[in-house]
4 protein chains.
Amino acid sequence: MGSSFGRLFKLTTWGESHGPALGVVIEGCPAGLALDVVDIQYELDRRRVGQSAVTSPRNETDRATILSGVFEGLTTGAPISIITYNKDVDSSKYDDLRDVFRPGHADYTYWAKYGHRDHRGGGRSSARETWGRVAAGAVARKILATVGTEVYGFTRELGGISMETFDRDQIEKNVVRCPDARAAAKMVAAIEDAKASFDSLGGVVEVRATGVPVGLGEPTFDKLDALIGQAMLSIPATKGVEIGEGFAVVRSTGSRANDAFYADEGRVRTRSNNAGGTLGGISSGEELVVRVAVKPTSSVARSQETVDIALQPRTIHVEGRHDPSVCPRAVPVAEAMLAIVLADLLLLNRAARLDWDPGR
Amino acid sequence: MGSSFGRLFKLTTWGESHGPALGVVIEGCPAGLALDVVDIQYELDRRRVGQSAVTSPRNETDRATILSGVFEGLTTGAPISIITYNKDVDSSKYDDLRDVFRPGHADYTYWAKYGHRDHRGGGRSSARETWGRVAAGAVARKILATVGTEVYGFTRELGGISMETFDRDQIEKNVVRCPDARAAAKMVAAIEDAKASFDSLGGVVEVRATGVPVGLGEPTFDKLDALIGQAMLSIPATKGVEIGEGFAVVRSTGSRANDAFYADEGRVRTRSNNAGGTLGGISSGEELVVRVAVKPTSSVARSQETVDIALQPRTIHVEGRHDPSVCPRAVPVAEAMLAIVLADLLLLNRAARLDWDPGR
Amino acid sequence: MGSSFGRLFKLTTWGESHGPALGVVIEGCPAGLALDVVDIQYELDRRRVGQSAVTSPRNETDRATILSGVFEGLTTGAPISIITYNKDVDSSKYDDLRDVFRPGHADYTYWAKYGHRDHRGGGRSSARETWGRVAAGAVARKILATVGTEVYGFTRELGGISMETFDRDQIEKNVVRCPDARAAAKMVAAIEDAKASFDSLGGVVEVRATGVPVGLGEPTFDKLDALIGQAMLSIPATKGVEIGEGFAVVRSTGSRANDAFYADEGRVRTRSNNAGGTLGGISSGEELVVRVAVKPTSSVARSQETVDIALQPRTIHVEGRHDPSVCPRAVPVAEAMLAIVLADLLLLNRAARLDWDPGR
Amino acid sequence: MGSSFGRLFKLTTWGESHGPALGVVIEGCPAGLALDVVDIQYELDRRRVGQSAVTSPRNETDRATILSGVFEGLTTGAPISIITYNKDVDSSKYDDLRDVFRPGHADYTYWAKYGHRDHRGGGRSSARETWGRVAAGAVARKILATVGTEVYGFTRELGGISMETFDRDQIEKNVVRCPDARAAAKMVAAIEDAKASFDSLGGVVEVRATGVPVGLGEPTFDKLDALIGQAMLSIPATKGVEIGEGFAVVRSTGSRANDAFYADEGRVRTRSNNAGGTLGGISSGEELVVRVAVKPTSSVARSQETVDIALQPRTIHVEGRHDPSVCPRAVPVAEAMLAIVLADLLLLNRAARLDWDPGR
């Protein structure tokens, strides 16, 4: 269970890291949406490994094919099935890992839960599963674009280095996706150092949405915040999520933390945006701001203490082709998840009131 | 939509702050569980307002009545309906708030989403809704107790004051629920200061679970972490959630952050617990550690800039009986949500493998 | 599990026949719907026992109270909780049935499934559970009325007597709810005969919907037909369901069974309605026609062979106050379920296409 | 929406009749089940067209490939993705049908609902979609086999000819899947007559399950009967479903229709099986008996009155390669759906009671 996400706009991902293929099935995409595989491939290419010196050298072309749900360039309302075939699979390096649990990985817990597991490349627990999320996210973005909502993200902090300036145009110009070019250069250096010492780094990814309609979020358990919480913490290697000022706001006071309302051109706006675009679990129309804590990559080529399935002590050394920091590639994944949450809530919101007006 | 939570152990809460009653319906509680209303009332009393000088002076007896699903002291497998009647309701103070949006509250977003709202005491968006969660959480705890799992929580930080020592026995001995008696005294003083200056404070609530079976969590979207993310961020006034070392781990490295495995008395254990009890979204058997950022209470008795439903500027002054910090009362709510997530995943886990053994 | 029904318009019923109360929680009713308890009570009174000589003499006032989700006469989008308190409960007659299984009832299967059961009055398996369905159905009808859809039902056949004429105005004028006054008189006589011989009768209930918008139903598993199938066979004592000509159409041929299309005043219509208002699982705009097979009441005051929980042979004689035929009271329940299915699909349909137009 | 079915054992089908591929994703199959593509292909071959003179001459090899969820011959608990590529696709015959609505088909309602549709071969509404159901049904059968449950089906009636004898061994020996060899011969003759006169025939398919554990079914809306109702009426061309004696029982009386209980070798049994294996929506352990009304194939090569998308009158003549009666091929589909419902409820039942014992 658990491979599906969403209420009306619902995706199901399937596939293992070293299986023959991976894919996603999207249910509930409205009919009449212009959709081309190029839209999807663009986002997948942003997620792809082998993009730079700071990501894994594996060569996955990640080519997407749409198998259903689109006819003559428009969605039909039927499930959209998107697939990619695994090509550059070398499972031999995993033979030694068959019976031993890599620290920080899901090897032990999958073994304990299921009894039987595909250990090759992490199997189902591999971050390769996020391929389908990014593909579905591309579809969600197309839905959001029809109401003027846009999602973007970046690396805010990496290896202890924080961005100090913000220039959105810089984001895709550096390999760590940092909006501060100087900080980006330091982050790249930090990653190279970590790689040289067979270690890895964590960071903070931030995703934002602009042009979000007021009213998205379903009290009380499917609040916008709550679904973002689920969405972000379902991404591999994430350990925390915050909305707006998040953990920092706990040291503020009510009079400072509250965002004052004012009216501007017939719209209700807030003077500040400490809340990060939600109030009572519903979007307020202000920019949506979400931050995600990404732990250092667990695969490090150092000797580590562990045990095997016979509970015997073992020392392992995780070889393989791994990202020394997953932040740059986590950016498009986190963006995709935010887009999926918003598209789902946008459709759900059509049922919130009797007199719902699509033009509102 | 959104008033239900859970897959097999599923609760639906209903009711408004100033309506005639509030309640919860729990579906999927297994038959044969010993359940008495006293078990539920105990937890509700921990959540209740009016417990101390640092919480709201309202007098809600919060008395629970079980209306279905229990026969001769045992659950029957049928839905368990639990109700409480609102008694100490004074809506007159809210008359002035009918058409104006309180900053930091859900007034504006509910109005924008639904068009029509019960403004009295926050209506459906009131934290009073959490009554049903705590009631359901008490049932979830009973299920967890059958496998030796226990959930507890405390205030880790409040108004900028952090706990420095940990003594679990202290938690329920002070009104802020802090495991460090000295820090607790400072927190109480800080709350009194805030109250005197008509302001409010935020903090960090931590919840833990011990004796968690290995294997809880459903990859990939219903990971234990992901459901905790949804559960915690569905609690009013929360702005962030982290598992284990959470946001702090982003400044570590893979070699330090990984928890080494070893075998102890036939069980796989980890030397450290940076991961906070989950690996790959599945419980590892180590203590589950969750932290929640709670914002300062939005209701402050100071003049605040806002607008009304006609988008005219207004200045408001939120009177009423409010907690200057909701952390102490958020503790039992966060505990309840964690218990609910774990009970649900415990039942789901029975279907994870063909040879599932309830005694394992 | 299983006490909830619906995707967007979702109800959860709770309560046992002889417990303190029964109720229903409705999630997903759009905000802004005018709703008064009188609307609900009207339908509940149609379902109520003790209405005539042919129904049970129990006196349940069945009084509904709305506890949430409605403010100043309009729904708010929050869950609507509706409750009734059991008053005329006499459980003593059930003492003898505590350990013995009534043939045709759920006693044995509940005991086998749950181990522990509330045997009084059938507990959760009692048809009294349908109270909540009828209450929710009344709300669904109000939603449907906003688009001009109306649901009604009647007894088509009872005790082997079929209606031969159809006059809708007759339906509520006779105690069996038959649109043919002459057939109704025969049905009443048949019921009286059955009662005198301590036996019971079955029949066929038909429900129809007029003014159904084209487009309701979600291929492929949530087809309109499929959801009707689930809805009707979830009603106690039902053993079959058919749409349109149903089982009779199997003896026709394709050329005769197909309903020819023609255009009438800008609308697509069909010359005949063998399909009963659905094509490919989606409403066609023609009258929706559903028939339900209702078995003879299982409680008969005759000696019957059975066993007890120790698997010892027993002879029982089911006393109690039972309807000799449940058809007349099944009519409002089947109507309610049809209204609920349609209201749910109506809301879901808002998400079917990008350019959805509420006025279409 | 609506392309998923099931609660714990959940399938999602995708694909169009003339698209590049079709498939199914199965979530919630427990880990540790031995599964080979041969198991699946066997059932798919039973459903395949071109098997005999009475089915469509199209040549679909229907070859299944398992893309995920199985490792070294055992399921892993991860989603199982199964795919087939469409090969023998000739869409040119559908060019004339692009803008016109075939009577008895979903053309009009899809057009009205979605605005945009893939008309080729019926697109998503084609019975070709059932490929994925049969594949998933094969997996469900493997789960059921572990508890000794077996599902089988047959044609009970076709073109007005009913079976008069029952010999299970005959079923797969004749092309109409009738357990009465003499009736089978008459059915074949009737089909040939219908074909010669460019017409089609309907029938009744019966599916049964033996060795069903007591206790499957979730009151009150997910009763075994209710889920069977949804499952069967989601199959294309079905118009009715009944359990046990179904519509015939409405002419019986309570004293005759009730199945008396007795004890046999430590098990509770019933003397008769009018109820068809369910009581109160829960399996009783008796043989499960379900009948499904299948309408005559809507595609008939005769002139039919209809309209086009401009609402202009048209006469059409549906050419193409169609089954003159779908009953024989509906048998494996109905079996698959019953197996899926039972496997799902079997897994759900593990959570019904605290002391659930997998060996019970």
# chains A, B, ... in the order shown; residues from 1 in each chain; ligands from 1
$ residues_around --residues "Phe5 (chain D)" --least-positions-apart "4" --cutoff "10 Å" --atoms "only C-alpha atoms" --output "list of chain:residue names"
C:Thr220, C:Phe221, C:Asp222, D:Phe9, D:Lys10, D:Leu11, D:Thr12, D:Thr13, D:Ile26, D:Arg133, D:Leu227, D:Gln230, D:Ala231, D:Ser234, D:Met337, D:Ile340, D:Val341, D:Asp344
$ select_by_dssp --residues "region 123-339 of chain C" --states "helix (DSSP H, G or I)" --output "MDAnalysis selection string"
chainID C and resid 123:125 127:145 168:173 181:196 224:233 246:251 254:257 327:339
$ closest_atom_pairs --of "chain B" --to "chain C" --cutoff "6 Å" --atoms "only C-alpha atoms" --output "Markdown table"
| residue | atom | partner | partner_atom | distance |
| --- | --- | --- | --- | --- |
| B:Met1 | CA | C:Gly28 | CA | 4.6 |
| B:Trp14 | CA | C:Pro79 | CA | 5.5 |
| B:Gly15 | CA | C:Ser68 | CA | 5.0 |
| B:Pro20 | CA | C:Leu67 | CA | 5.9 |
| B:Glu27 | CA | C:Met1 | CA | 5.7 |
| B:Gly28 | CA | C:Met1 | CA | 4.7 |
| B:Ala31 | CA | C:Tyr114 | CA | 5.6 |
| B:Leu67 | CA | C:Pro20 | CA | 5.9 |
| B:Ser68 | CA | C:Gly15 | CA | 4.9 |
| B:Phe71 | CA | C:Asp118 | CA | 5.9 |
| B:Thr76 | CA | C:Arg117 | CA | 5.5 |
| B:Pro79 | CA | C:Trp14 | CA | 5.5 |
| B:Tyr114 | CA | C:Ala31 | CA | 5.6 |
| B:His116 | CA | C:Thr76 | CA | 5.7 |
| B:Arg117 | CA | C:Thr76 | CA | 5.5 |
| B:Asp118 | CA | C:Phe71 | CA | 5.9 |
$ residues_around --residues "Ala209 (chain A)" --least-positions-apart "5" --cutoff "7 Å" --atoms "only C-alpha atoms" --output "compact mmCIF listing (two decimals) with C-alpha atoms, in the first residue's frame"
# COMPACT_ATOMS: atom_id res chain seq x y z
CA THR A 149 -0.23 29.32 -10.54
CA GLU A 150 3.47 28.62 -10.91
CA VAL A 151 5.77 26.47 -8.77
CA TYR A 152 9.53 26.84 -8.49
CA GLU A 287 3.15 33.28 -1.99
CA LEU A 288 3.31 29.72 -0.71
CA VAL A 289 6.67 29.06 0.96
$ residues_around --residues "region 241-258 of chain C" --least-positions-apart "4" --cutoff "7 Å" --atoms "only C-alpha atoms" --output "VMD selection string"
(chain C and resid 229 232 274 to 276 289 to 293) or (chain D and resid 103 to 104 159 to 160 199 to 204 239 to 242 293 to 298 300)
$ residues_around --residues "region 36-45 of chain B" --least-positions-apart "5" --cutoff "10 Å" --atoms "only C-alpha atoms" --output "PDB file with C-alpha atoms, in the first residue's frame"
ATOM      1  CA  GLY B  50      -8.769  25.865  32.523  1.00  0.00           C
ATOM      2  CA  GLN B  51      -6.201  23.502  33.926  1.00  0.00           C
ATOM      3  CA  GLU B  60     -15.393  23.235  29.423  1.00  0.00           C
ATOM      4  CA  THR B  61     -16.056  20.043  31.238  1.00  0.00           C
ATOM      5  CA  ASP B  62     -15.415  18.185  28.008  1.00  0.00           C
ATOM      6  CA  ARG B  63     -17.332  15.184  29.269  1.00  0.00           C
ATOM      7  CA  ALA B  64     -17.218  12.305  26.776  1.00  0.00           C
ATOM      8  CA  THR B  65     -20.053   9.861  26.132  1.00  0.00           C
ATOM      9  CA  ILE B  66     -19.607   6.728  24.016  1.00  0.00           C
ATOM     10  CA  VAL B  70     -18.738  -0.782  22.559  1.00  0.00           C
ATOM     11  CA  GLU B  72     -20.238  -4.858  27.655  1.00  0.00           C
ATOM     12  CA  GLY B  73     -16.845  -3.175  27.835  1.00  0.00           C
ATOM     13  CA  LEU B  74     -15.422  -4.490  24.582  1.00  0.00           C
ATOM     14  CA  THR B  75     -15.340  -2.956  21.122  1.00  0.00           C
ATOM     15  CA  ILE B  82     -18.034   9.737  20.997  1.00  0.00           C
ATOM     16  CA  THR B 130      -9.051  18.698  18.483  1.00  0.00           C
ATOM     17  CA  TRP B 131     -11.295  17.299  21.217  1.00  0.00           C
ATOM     18  CA  GLY B 132     -12.278  14.464  18.902  1.00  0.00           C
ATOM     19  CA  ARG B 133      -8.693  13.754  17.965  1.00  0.00           C
ATOM     20  CA  VAL B 134      -7.712  13.311  21.597  1.00  0.00           C
ATOM     21  CA  ALA B 135     -10.698  11.031  22.181  1.00  0.00           C
ATOM     22  CA  ALA B 136      -9.733   8.902  19.173  1.00  0.00           C
ATOM     23  CA  GLY B 137      -6.123   8.998  20.240  1.00  0.00           C
ATOM     24  CA  ALA B 138      -7.089   7.405  23.547  1.00  0.00           C
ATOM     25  CA  VAL B 139      -8.607   4.499  21.628  1.00  0.00           C
ATOM     26  CA  ARG B 141      -3.330   4.119  22.567  1.00  0.00           C
ATOM     27  CA  LYS B 142      -5.306   1.117  23.789  1.00  0.00           C
ATOM     28  CA  PRO B 332      -1.822  15.720  24.195  1.00  0.00           C
ATOM     29  CA  VAL B 333      -3.107  16.589  20.726  1.00  0.00           C
ATOM     30  CA  GLU B 335       0.440  12.587  21.136  1.00  0.00           C
ATOM     31  CA  ALA B 336      -3.043  11.632  19.966  1.00  0.00           C
TER      32      ALA B 336
END
$ atom_distance --atom1 "CA of Ala260 (chain B)" --atom2 "CA of Val100 (chain A)"
12.3 Å
$ atom_distance --atom1 "CA of Gln312 (chain B)" --atom2 "CA of Ser92 (chain B)"
22.8 Å
$ atom_distance --atom1 "CA of Val212 (chain D)" --atom2 "CA of Tyr108 (chain C)"
15.2 Å
$ residues_around --residues "Pro328 (chain A)" --least-positions-apart "5" --cutoff "9 Å" --atoms "only C-alpha atoms" --output "PyMOL selection string"
chain A and resi 47+54-55+154-155+175-178+205
$ residues_around --residues "Glu164 (chain D)" --least-positions-apart "3" --cutoff "12 Å" --atoms "only C-alpha atoms" --output "list in words"
Thr155, Arg156, Glu157, Ile161, Asp167, Cys178, Pro179, Asp180, Ala181, Arg182, Ala183, Ala184 and Lys186 of chain D
$ select_by_dssp --residues "region 208-305 of chain D" --states "strand (DSSP E)" --output "ChimeraX atom specification"
/D:208-210,238-243,261-264,267-270,278-279,282-283,288-294,303-305
